[in-house]
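The block underneath contains the structure these notes are about, expressed in structure tokens.
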Amino acid sequence: MIQKITIAIVMAMLCLNFWVIAQVKPEVLKPVKVGEQVPNEMWDMPMKIYKNGKYSTETLRKYKGKVIVIDFWATWCGYCVEGFPKLSKLQDSLESGLQVFLVNKKSVGDTPEKIARVYELNASHLKDMPIVVEDTILGQLFPTVSLPTYAVISGDRYLEGITQSYLFTEAAIVAIVKERNSLLEIRRRIKKEREGN
């Protein structure tokens with residue numbers, strides 16, 4: 001009888017634990033450090049996306065496995081807008097291995113009209129780069145101090161780096177995309193060795 005009660009209590013605690021994990025709110029997310037894996041919650045949080053003149057709500061789940069460049073920008077940041085062609089060219093050259101997201105944080109104060117105007121003026125470069133608008137999630141995970149700032153997430157969901165535009169190089173991104181399978185295998189081997197010890 002005591003064993004059954006103990007099992008019931010343990011099961012109830014596990015259920016409560018899973019419920020709490022499932023209810024994680026954006027304000028609870030901690031910043032990710034370079035070399036850490038991004039939290040699974042990030043992939044399932046609904047985000048407001050602007051693309052091709054339309055708004056939608058999406059998650060990032062369908063982009064898991066790709067190298068992701070998150071570009072934090074604002075409509076009033078000239079360097080940010082000047083960087084769009086470079087990002088577009090980079091994404092096009094790496095085909096399905098890379099996805100760029102332009103992230104406009106709520107705190108930068110941009111309006112939907114300003115974002116739409118920048119999109120219209122740069123549509124040829126932005127056609128395949130979704131814009132996350134009114135962001136409060138990614139800005140917490142990858143804090144920025146200036147714009148533009150780029151966060152690079154590897155195909156196996158590790159934060160490879162956060163950098164300003166002058167340190168963001170095409171060669172580094174190409175290497176991460178082309179070597180993503182090797183990086184994944186190395187990380188799997190290290191994880192397996194750690195678990196074995």
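Chain labels follow the order of the structure tokens: the first chain is A, the next B, and so on; residue numbering restarts at 1 in every chain, and ligands are counted from 1 in their shown order.
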
- Item | Contact residues around Val103 (chain A) with only C-alpha atoms at 9 Å, ignoring same-chain residues under 4 positions, as a PyMOL selection string | chain A and resi 70-74+130-135+138-139

- Item | Backbone-only DSSP, alpha helix (DSSP H) members of region 6-120 of chain A, as a PyMOL selection string | chain A and resi 6-22+41-44+78-82+84-93+112-120

- Item | Shell of 12 Å around Ile115 (chain A), only C-alpha atoms, local chain residues under 6 positions omitted, as a PyMOL selection string | chain A and resi 49-55+73-77+81+102-106+108-109+121-123+126+130-134

- Quick one: everything within 12 Å of Ser96 (chain A), counting only C-alpha atoms, minus sequence neighbours fewer than 5 positions away in the same chain. Send it as a PyMOL selection string. chain A and resi 63-68+90-91+128+155+177-178

- Query: Hey, which of A:Ser124, A:Ser107, A:Tyr158, A:Val118 ends up closest to Cys80 (chain A)? Count only C-alpha atoms.
  - Reply: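 Smallest distance to Cys80 (chain A) is found for A:Val118.
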
- Message: From the options A:Lys127, A:Glu113, A:Val152, A:Lys192, which residue's atoms come nearest to Asp92 (chain A), counting only C-alpha atoms?
- Response: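 Ranking A:Lys127, A:Glu113, A:Val152, A:Lys192 by distance to Asp92 (chain A), first place goes to A:Lys127.
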
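Nearest residue to Gln164 (chain A), choosing from A:Val34, A:Val100, A:Leu147, A:Ile137 and counting only C-alpha atoms: A:Leu147.
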
- Task: Would you please extract all strand (DSSP E or B) residues from chain A, as assigned by DSSP on the backbone, and give them as a count of residues only?
- Result: 42

- Task: Measuring atom to atom with only C-alpha atoms, identify which of A:Phe168, A:Val174, A:Ser146, A:Arg157 is nearest to Trp43 (chain A).
- Result: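 The answer is A:Arg157, which sits nearest to Trp43 (chain A).
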
- Task: Tell me, as a list in words, which residues lie within 7 Å of Thr57 (chain A), counting only C-alpha atoms; anything in the same chain fewer than 6 positions away does not count.
- Result: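 Returned residues: Pro46, Met47, Lys48 and Ile49 of chain A.
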
For the residues in that selection, give me N, CA and C atoms as a PDB file, in the first residue's frame.
ATOM      1  N   PRO A  46       4.820  31.204 -30.105  1.00  0.00           N
ATOM      2  CA  PRO A  46       4.257  31.927 -31.249  1.00  0.00           C
ATOM      3  C   PRO A  46       4.885  33.315 -31.378  1.00  0.00           C
ATOM      4  N   MET A  47       5.238  33.665 -32.604  1.00  0.00           N
ATOM      5  CA  MET A  47       5.837  34.969 -32.882  1.00  0.00           C
ATOM      6  C   MET A  47       5.079  35.627 -34.024  1.00  0.00           C
ATOM      7  N   LYS A  48       4.966  36.938 -33.932  1.00  0.00           N
ATOM      8  CA  LYS A  48       4.296  37.703 -34.980  1.00  0.00           C
ATOM      9  C   LYS A  48       5.305  37.937 -36.109  1.00  0.00           C
ATOM     10  N   ILE A  49       4.950  37.475 -37.312  1.00  0.00           N
ATOM     11  CA  ILE A  49       5.853  37.519 -38.467  1.00  0.00           C
ATOM     12  C   ILE A  49       5.260  38.421 -39.548  1.00  0.00           C
TER      13      ILE A  49
END
